[in-house]
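Pasting run-v6.pdb here (PDB, C-alpha atoms):
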```pdb
ATOM      1  CA  MET A   1     -14.833 -48.953  12.597
ATOM      2  CA  LYS A   2     -12.860 -45.940  13.794
ATOM      3  CA  ARG A   3     -10.263 -46.449  11.036
ATOM      4  CA  ALA A   4     -12.995 -46.586   8.399
ATOM      5  CA  LEU A   5     -14.515 -43.348   9.675
ATOM      6  CA  LEU A   6     -11.136 -41.583   9.642
ATOM      7  CA  ALA A   7     -10.349 -42.841   6.164
ATOM      8  CA  GLY A   8     -13.802 -41.815   4.927
ATOM      9  CA  ALA A   9     -13.371 -38.317   6.362
ATOM     10  CA  ALA A  10      -9.986 -37.977   4.661
ATOM     11  CA  LEU A  11     -11.467 -39.102   1.329
ATOM     12  CA  LEU A  12     -14.312 -36.575   1.672
ATOM     13  CA  LEU A  13     -11.774 -33.848   2.314
ATOM     14  CA  ALA A  14      -9.781 -34.949  -0.723
ATOM     15  CA  GLY A  15     -12.905 -34.711  -2.881
ATOM     16  CA  ALA A  16     -13.689 -31.227  -1.544
ATOM     17  CA  PHE A  17     -10.119 -30.036  -2.158
ATOM     18  CA  VAL A  18     -10.184 -31.379  -5.730
ATOM     19  CA  ALA A  19     -13.469 -29.547  -6.364
ATOM     20  CA  LEU A  20     -11.952 -26.315  -5.039
ATOM     21  CA  GLY A  21      -8.886 -26.806  -7.226
ATOM     22  CA  ILE A  22     -11.012 -27.336 -10.336
ATOM     23  CA  TRP A  23     -13.012 -24.216  -9.451
ATOM     24  CA  GLN A  24      -9.805 -22.167  -9.297
ATOM     25  CA  VAL A  25      -8.700 -23.552 -12.674
ATOM     26  CA  GLU A  26     -12.043 -22.458 -14.127
ATOM     27  CA  ARG A  27     -11.708 -19.044 -12.459
ATOM     28  CA  ARG A  28      -8.234 -18.690 -13.987
ATOM     29  CA  ALA A  29      -9.609 -19.366 -17.464
ATOM     30  CA  TRP A  30     -12.377 -16.808 -16.870
ATOM     31  CA  LYS A  31      -9.882 -14.219 -15.585
ATOM     32  CA  HIS A  32      -7.600 -14.675 -18.592
ATOM     33  CA  ALA A  33     -10.564 -14.226 -20.930
ATOM     34  CA  LEU A  34     -11.551 -11.061 -19.039
ATOM     35  CA  ILE A  35      -8.012  -9.666 -19.262
ATOM     36  CA  ALA A  36      -7.918 -10.330 -23.012
ATOM     37  CA  THR A  37     -11.326  -8.673 -23.479
ATOM     38  CA  VAL A  38     -10.392  -5.573 -21.484
ATOM     39  CA  ASP A  39      -7.051  -5.289 -23.282
ATOM     40  CA  ALA A  40      -8.870  -5.357 -26.619
ATOM     41  CA  ARG A  41     -11.284  -2.635 -25.450
ATOM     42  CA  VAL A  42      -8.509  -0.390 -24.147
ATOM     43  CA  HIS A  43      -6.598  -0.484 -27.422
ATOM     44  CA  ALA A  44      -9.574  -0.402 -29.800
ATOM     45  CA  ALA A  45     -10.563   2.666 -31.779
ATOM     46  CA  ALA A  46     -12.710   5.059 -29.778
ATOM     47  CA  VAL A  47     -16.485   4.912 -30.319
ATOM     48  CA  PRO A  48     -19.102   7.556 -29.419
ATOM     49  CA  ALA A  49     -19.907   7.527 -25.701
ATOM     50  CA  PRO A  50     -23.313   5.888 -25.067
ATOM     51  CA  ARG A  51     -26.095   7.307 -22.920
ATOM     52  CA  ARG A  52     -26.197   4.016 -21.014
ATOM     53  CA  ALA A  53     -23.452   1.505 -20.314
ATOM     54  CA  GLY A  54     -23.334  -1.853 -18.567
ATOM     55  CA  ALA A  55     -20.681  -4.145 -17.156
ATOM     56  CA  ASP A  56     -19.715  -5.234 -20.674
ATOM     57  CA  ASP A  57     -18.719  -1.650 -21.482
ATOM     58  CA  ALA A  58     -16.179  -1.216 -18.674
ATOM     59  CA  TYR A  59     -12.847   0.081 -20.025
ATOM     60  CA  ARG A  60     -14.324   0.610 -23.488
ATOM     61  CA  ARG A  61     -12.542   3.454 -25.301
ATOM     62  CA  VAL A  62     -14.963   6.236 -26.165
ATOM     63  CA  THR A  63     -15.022   9.817 -27.372
ATOM     64  CA  VAL A  64     -17.471  12.566 -26.497
ATOM     65  CA  THR A  65     -17.841  16.271 -27.309
ATOM     66  CA  GLY A  66     -19.432  18.885 -25.084
ATOM     67  CA  ILE A  67     -18.885  21.809 -22.744
ATOM     68  CA  PHE A  68     -17.383  21.378 -19.285
ATOM     69  CA  ARG A  69     -19.328  22.716 -16.319
ATOM     70  CA  HIS A  70     -16.342  23.738 -14.243
ATOM     71  CA  ASP A  71     -18.583  25.300 -11.586
ATOM     72  CA  ARG A  72     -19.737  21.758 -10.674
ATOM     73  CA  GLU A  73     -16.244  20.281 -10.347
ATOM     74  CA  THR A  74     -15.688  17.568  -7.718
ATOM     75  CA  LEU A  75     -12.342  16.579  -6.195
ATOM     76  CA  VAL A  76     -11.897  12.945  -5.158
ATOM     77  CA  GLN A  77      -8.937  11.929  -3.005
ATOM     78  CA  ALA A  78      -6.486   9.760  -4.908
ATOM     79  CA  VAL A  79      -3.155   7.984  -4.571
ATOM     80  CA  THR A  80      -1.358   7.526  -7.884
ATOM     81  CA  ALA A  81       2.085   6.891  -9.321
ATOM     82  CA  ARG A  82       2.556  10.644  -8.979
ATOM     83  CA  GLY A  83       1.784  10.577  -5.263
ATOM     84  CA  GLY A  84      -1.228  11.690  -3.280
ATOM     85  CA  GLY A  85      -3.692  14.283  -4.458
ATOM     86  CA  TYR A  86      -7.063  14.420  -6.173
ATOM     87  CA  TRP A  87      -8.968  13.269  -9.208
ATOM     88  CA  VAL A  88     -10.749  16.157 -10.897
ATOM     89  CA  LEU A  89     -14.257  15.091 -11.933
ATOM     90  CA  THR A  90     -16.064  17.604 -14.110
ATOM     91  CA  PRO A  91     -19.497  17.245 -15.734
ATOM     92  CA  LEU A  92     -19.391  17.446 -19.518
ATOM     93  CA  ARG A  93     -22.689  18.580 -21.036
ATOM     94  CA  THR A  94     -23.294  17.121 -24.491
ATOM     95  CA  SER A  95     -26.215  17.587 -26.854
ATOM     96  CA  ARG A  96     -27.825  14.389 -25.538
ATOM     97  CA  PHE A  97     -26.764  13.954 -21.905
ATOM     98  CA  THR A  98     -24.232  14.908 -19.252
ATOM     99  CA  VAL A  99     -21.343  12.648 -18.278
ATOM    100  CA  LEU A 100     -18.801  12.947 -15.492
ATOM    101  CA  VAL A 101     -15.258  13.108 -16.816
ATOM    102  CA  ASN A 102     -12.283  12.285 -14.644
ATOM    103  CA  ARG A 103     -10.039  14.869 -16.262
ATOM    104  CA  GLY A 104      -7.015  13.548 -14.367
ATOM    105  CA  PHE A 105      -4.857  13.959 -11.286
ATOM    106  CA  VAL A 106      -3.755  17.109  -9.479
ATOM    107  CA  PRO A 107      -1.433  17.332  -6.440
ATOM    108  CA  ALA A 108      -2.680  19.095  -3.306
ATOM    109  CA  GLU A 109      -1.096  22.407  -4.298
ATOM    110  CA  ARG A 110      -3.222  22.382  -7.490
ATOM    111  CA  ARG A 111      -6.484  21.719  -5.683
ATOM    112  CA  ASP A 112      -7.683  25.297  -6.165
ATOM    113  CA  PRO A 113      -9.176  25.647  -9.690
ATOM    114  CA  ALA A 114      -7.540  29.087  -9.921
ATOM    115  CA  THR A 115      -4.135  27.349 -10.157
ATOM    116  CA  ARG A 116      -5.083  25.486 -13.348
ATOM    117  CA  PRO A 117      -6.843  27.382 -16.133
ATOM    118  CA  PRO A 118      -9.803  25.361 -17.453
ATOM    119  CA  PRO A 119     -10.544  24.818 -21.146
ATOM    120  CA  ARG A 120     -13.348  26.969 -22.514
ATOM    121  CA  GLY A 121     -15.906  26.247 -25.200
ATOM    122  CA  PRO A 122     -16.642  22.882 -26.801
ATOM    123  CA  VAL A 123     -14.048  20.173 -26.163
ATOM    124  CA  THR A 124     -13.650  16.595 -27.315
ATOM    125  CA  VAL A 125     -12.609  14.043 -24.706
ATOM    126  CA  THR A 126     -11.305  10.560 -25.401
ATOM    127  CA  GLY A 127     -11.030   8.065 -22.588
ATOM    128  CA  LEU A 128     -12.228   4.860 -20.961
ATOM    129  CA  ILE A 129     -15.663   4.067 -19.565
ATOM    130  CA  ARG A 130     -15.450   3.325 -15.850
ATOM    131  CA  PRO A 131     -18.293   2.056 -13.628
ATOM    132  CA  SER A 132     -19.430   4.109 -10.654
ATOM    133  CA  GLU A 133     -17.641   3.521  -7.330
ATOM    134  CA  PRO A 134     -20.431   3.812  -4.739
ATOM    135  CA  GLY A 135     -19.920   4.283  -1.019
ATOM    136  CA  GLY A 136     -16.391   5.522  -0.570
ATOM    137  CA  GLY A 137     -12.899   4.200  -0.003
ATOM    138  CA  PHE A 138     -11.461   1.625   2.394
ATOM    139  CA  LEU A 139     -12.870   2.381   5.872
ATOM    140  CA  ARG A 140     -13.859   5.885   4.684
ATOM    141  CA  SER A 141     -17.310   6.869   3.501
ATOM    142  CA  ASN A 142     -18.001   9.731   1.163
ATOM    143  CA  ASP A 143     -19.255  12.845   2.952
ATOM    144  CA  PRO A 144     -21.030  15.023   0.364
ATOM    145  CA  ALA A 145     -22.040  17.648   2.941
ATOM    146  CA  ALA A 146     -18.394  18.273   3.817
ATOM    147  CA  ALA A 147     -17.225  17.824   0.191
ATOM    148  CA  ARG A 148     -15.039  14.881   1.176
ATOM    149  CA  TRP A 149     -14.958  12.280  -1.556
ATOM    150  CA  TYR A 150     -13.000   9.031  -1.438
ATOM    151  CA  SER A 151     -14.518   7.303  -4.462
ATOM    152  CA  ARG A 152     -15.976   8.313  -7.800
ATOM    153  CA  ASP A 153     -19.604   7.705  -6.870
ATOM    154  CA  VAL A 154     -21.581   8.934  -9.871
ATOM    155  CA  ALA A 155     -25.016   8.881  -8.217
ATOM    156  CA  ALA A 156     -23.849  10.661  -5.056
ATOM    157  CA  ILE A 157     -21.877  13.295  -6.969
ATOM    158  CA  THR A 158     -24.857  13.827  -9.281
ATOM    159  CA  ALA A 159     -27.125  14.481  -6.300
ATOM    160  CA  ALA A 160     -24.608  16.704  -4.502
ATOM    161  CA  ARG A 161     -23.968  18.845  -7.592
ATOM    162  CA  GLY A 162     -27.575  19.046  -8.726
ATOM    163  CA  LEU A 163     -26.930  17.440 -12.083
ATOM    164  CA  GLY A 164     -29.562  15.982 -14.374
ATOM    165  CA  ASN A 165     -29.757  13.628 -17.351
ATOM    166  CA  ILE A 166     -26.452  12.110 -16.234
ATOM    167  CA  ALA A 167     -24.848   8.966 -17.647
ATOM    168  CA  PRO A 168     -24.487   6.215 -14.990
ATOM    169  CA  TYR A 169     -20.727   5.935 -15.506
ATOM    170  CA  PHE A 170     -17.726   8.231 -15.698
ATOM    171  CA  ILE A 171     -14.959   8.563 -18.265
ATOM    172  CA  ASP A 172     -11.268   8.420 -17.420
ATOM    173  CA  ALA A 173      -9.709  10.942 -19.795
ATOM    174  CA  ASP A 174      -6.624   9.895 -21.740
ATOM    175  CA  ALA A 175      -3.202  11.533 -21.576
ATOM    176  CA  THR A 176      -4.056  14.430 -23.928
ATOM    177  CA  PRO A 177      -2.411  17.447 -22.206
ATOM    178  CA  ASN A 178      -4.649  19.956 -20.458
ATOM    179  CA  PRO A 179      -3.971  23.729 -20.486
ATOM    180  CA  GLY A 180      -1.185  24.484 -18.024
ATOM    181  CA  GLY A 181      -0.363  20.775 -17.642
ATOM    182  CA  TYR A 182      -3.055  19.989 -15.065
ATOM    183  CA  PRO A 183      -4.989  17.833 -14.469
ATOM    184  CA  VAL A 184      -2.800  14.949 -15.669
ATOM    185  CA  GLY A 185      -4.881  12.365 -17.507
ATOM    186  CA  GLY A 186      -4.090   8.901 -18.775
ATOM    187  CA  LEU A 187      -3.369   7.426 -15.338
ATOM    188  CA  THR A 188      -5.947   4.648 -15.467
ATOM    189  CA  VAL A 189      -4.539   1.478 -13.908
ATOM    190  CA  VAL A 190      -5.809  -1.630 -15.699
ATOM    191  CA  ARG A 191      -4.707  -4.490 -13.523
ATOM    192  CA  PHE A 192      -6.411  -7.689 -12.413
ATOM    193  CA  SER A 193      -5.081 -10.031  -9.741
ATOM    194  CA  ASP A 194      -4.303 -13.485 -11.137
ATOM    195  CA  ASN A 195      -3.449 -15.806  -8.256
ATOM    196  CA  HIS A 196      -5.738 -18.633  -9.298
ATOM    197  CA  LEU A 197      -2.990 -21.034 -10.387
ATOM    198  CA  GLY A 198      -1.322 -20.802  -6.979
ATOM    199  CA  TYR A 199      -4.638 -21.371  -5.234
ATOM    200  CA  ALA A 200      -5.412 -24.354  -7.482
ATOM    201  CA  LEU A 201      -2.045 -25.981  -6.798
ATOM    202  CA  THR A 202      -2.587 -25.469  -3.063
ATOM    203  CA  TRP A 203      -5.996 -27.178  -3.134
ATOM    204  CA  PHE A 204      -4.656 -30.073  -5.227
ATOM    205  CA  ALA A 205      -1.728 -30.502  -2.827
ATOM    206  CA  LEU A 206      -4.139 -30.656   0.096
ATOM    207  CA  ALA A 207      -6.161 -33.257  -1.806
ATOM    208  CA  LEU A 208      -3.026 -35.402  -2.223
ATOM    209  CA  LEU A 209      -2.228 -35.041   1.468
ATOM    210  CA  SER A 210      -5.754 -36.135   2.344
ATOM    211  CA  LEU A 211      -5.460 -39.192   0.092
ATOM    212  CA  TRP A 212      -2.116 -40.026   1.669
ATOM    213  CA  ALA A 213      -3.684 -39.723   5.128
ATOM    214  CA  ALA A 214      -6.548 -42.050   4.136
ATOM    215  CA  TRP A 215      -4.050 -44.592   2.786
ATOM    216  CA  GLN A 216      -1.988 -44.400   5.964
ATOM    217  CA  VAL A 217      -5.053 -44.988   8.118
ATOM    218  CA  LEU A 218      -6.153 -47.987   6.067
ATOM    219  CA  ARG A 219      -2.728 -49.618   5.864
ATOM    220  CA  THR A 220      -1.961 -49.299   9.566
ATOM    221  CA  ARG A 221      -2.848 -52.458  11.401
ATOM    222  CA  PRO A 222      -4.630 -52.008  14.700
ATOM    223  CA  LEU A 223      -2.709 -53.038  17.796
ATOM    224  CA  PRO A 224      -3.819 -56.417  19.253
ATOM    225  CA  ALA A 225      -5.995 -56.133  22.298
ATOM    226  CA  GLN A 226      -4.073 -56.809  25.495
ATOM    227  CA  LYS A 227      -5.245 -59.623  27.686
ATOM    228  CA  GLY A 228      -6.146 -58.819  31.208
ATOM    229  CA  ALA A 229      -3.667 -59.676  33.930
TER     230      ALA A 229
END
```

Do you think you could lay out the structure here as structure tokens?
Amino acid sequence: MKRALLAGAALLLAGAFVALGIWQVERRAWKHALIATVDARVHAAAVPAPRRAGADDAYRRVTVTGIFRHDRETLVQAVTARGGGYWVLTPLRTSRFTVLVNRGFVPAERRDPATRPPPRGPVTVTGLIRPSEPGGGFLRSNDPAAARWYSRDVAAITAARGLGNIAPYFIDADATPNPGGYPVGGLTVVRFSDNHLGYALTWFALALLSLWAAWQVLRTRPLPAQKGA
């Protein structure tokens, strides 16, 4: 009876591990489809920026024309290939709505707007739609009152800067040079982790081990009961 219970438990584990492995295979297929979709969006011709955007619009290449409101600029702490510094988020007022534009990266010594002359008059920005990043960074919450920002939280920045008719996303500007060289745009990192094959192989290996354990339990003969002295 005990051997049957042990074998049954091992077979149940094997079934669970197989199910987990199949799930990871399905997740891998979904991730590859997502990567292909995003890659197509990033390299497609730019379309006019929409007033609204959903999850299906993330990383879509768009263009928008308006006037920057440099007096409402927000600096968000950032770590990039160029080192530590800040993202410069500036509201761009269009004829239909206002949208936050991540104009690019500046090092700490360029934090002061006086060190980087802003563009004046109407400008056209091309870049990628990015969803809002609510809350803050890892173990650090945004502190609007102290002007400490660790994520590009559109709703919180909108409230802190008194903006209205704002799009619910922001745009990562492309690498078109800004006056004076700063901010530096075009630093969007488009990368998705793809470890699903390794996870799937691990679950399938555990399933095989469980089947081997069940077989070992069933093939092992119980020891004969010893007679009393």

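Atom CA of Leu218 of chain A sits 6.6 Å away from atom CA of Arg3 of chain A.
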
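Interatomic distance, atom CA of Asn102 of chain A against atom CA of Asp143 of chain A: 18.9 Å.
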
* To do: Write out as a PyMOL selection string each polymer residue whose atoms come within 7 Å of segment 144-159 of chain A, counting only C-alpha atoms; drop sequence neighbours fewer than 6 positions from it.
  => chain A and resi 75-77+132-137+168-169

* To do: Would you kindly return, as a ChimeraX atom specification, each protein, DNA or RNA residue with an atom no farther than 9 Å from any atom of segment 27-33 of chain A, considering all atoms listed in the file and excluding same-chain residues fewer than 5 positions away?
  => /A:22,38,192-197

* Written as an NGL selection string, which residues does the PyMOL selection byres ((chain A and resi 176) around 10) give for the file shown? -> :A and (103 or 125-127 or 173-175 or 177-179 or 181 or 184-186)

Result set, the PyMOL selection byres ((chain A and resi 57-65) around 6) on current file, as an mmCIF file with C-alpha atoms, keeping the file's coordinate frame:
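As written to disk, expr.cif reads:
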```cif
data_model
loop_
_atom_site.group_PDB
_atom_site.id
_atom_site.type_symbol
_atom_site.label_atom_id
_atom_site.label_comp_id
_atom_site.auth_asym_id
_atom_site.auth_seq_id
_atom_site.Cartn_x
_atom_site.Cartn_y
_atom_site.Cartn_z
ATOM 1 C CA ARG A 41 -11.284 -2.635 -25.450
ATOM 2 C CA VAL A 42 -8.509 -0.390 -24.147
ATOM 3 C CA ALA A 46 -12.710 5.059 -29.778
ATOM 4 C CA VAL A 47 -16.485 4.912 -30.319
ATOM 5 C CA PRO A 48 -19.102 7.556 -29.419
ATOM 6 C CA ALA A 49 -19.907 7.527 -25.701
ATOM 7 C CA ALA A 53 -23.452 1.505 -20.314
ATOM 8 C CA GLY A 54 -23.334 -1.853 -18.567
ATOM 9 C CA ALA A 55 -20.681 -4.145 -17.156
ATOM 10 C CA ASP A 56 -19.715 -5.234 -20.674
ATOM 11 C CA GLY A 66 -19.432 18.885 -25.084
ATOM 12 C CA VAL A 123 -14.048 20.173 -26.163
ATOM 13 C CA THR A 124 -13.650 16.595 -27.315
ATOM 14 C CA VAL A 125 -12.609 14.043 -24.706
ATOM 15 C CA THR A 126 -11.305 10.560 -25.401
ATOM 16 C CA GLY A 127 -11.030 8.065 -22.588
ATOM 17 C CA LEU A 128 -12.228 4.860 -20.961
ATOM 18 C CA ILE A 129 -15.663 4.067 -19.565
ATOM 19 C CA ARG A 130 -15.450 3.325 -15.850
#
```

So that I can see what lies close to Arg72 of chain A, please list as a CSV table (one decimal) with C-alpha atoms, keeping the file's coordinate frame the residues with an atom at most 8 Å from it, counting all atoms listed in the file and leaving out residues fewer than 5 positions away in the same chain.
```
chain,number,residue,atom,x,y,z
A,90,THR,CA,-16.1,17.6,-14.1
A,91,PRO,CA,-19.5,17.2,-15.7
A,161,ARG,CA,-24.0,18.8,-7.6
```

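For His70 of chain A, the non-local neighbours within 12 Å, defined as residues at least 2 positions apart in the same chain or in other chains and counting all atoms listed in the file, are Ile67, Phe68, Arg72, Glu73, Thr74, Leu75, Val88, Leu89, Thr90, Pro91, Leu92, Arg93, Leu100, Val101, Arg103, Asp112, Pro113, Ala114, Arg116, Pro117, Pro118, Pro119, Arg120, Gly121 and Arg161 of chain A.
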
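For the pair atom CA of Tyr86 of chain A and atom CA of Gly104 of chain A, the interatomic distance is 8.2 Å.
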
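Taking only C-alpha atoms into account, Gly21 of chain A lies nearest to A:Gly198 out of the set A:Trp215, A:Gly198, A:Tyr182, A:Arg52.
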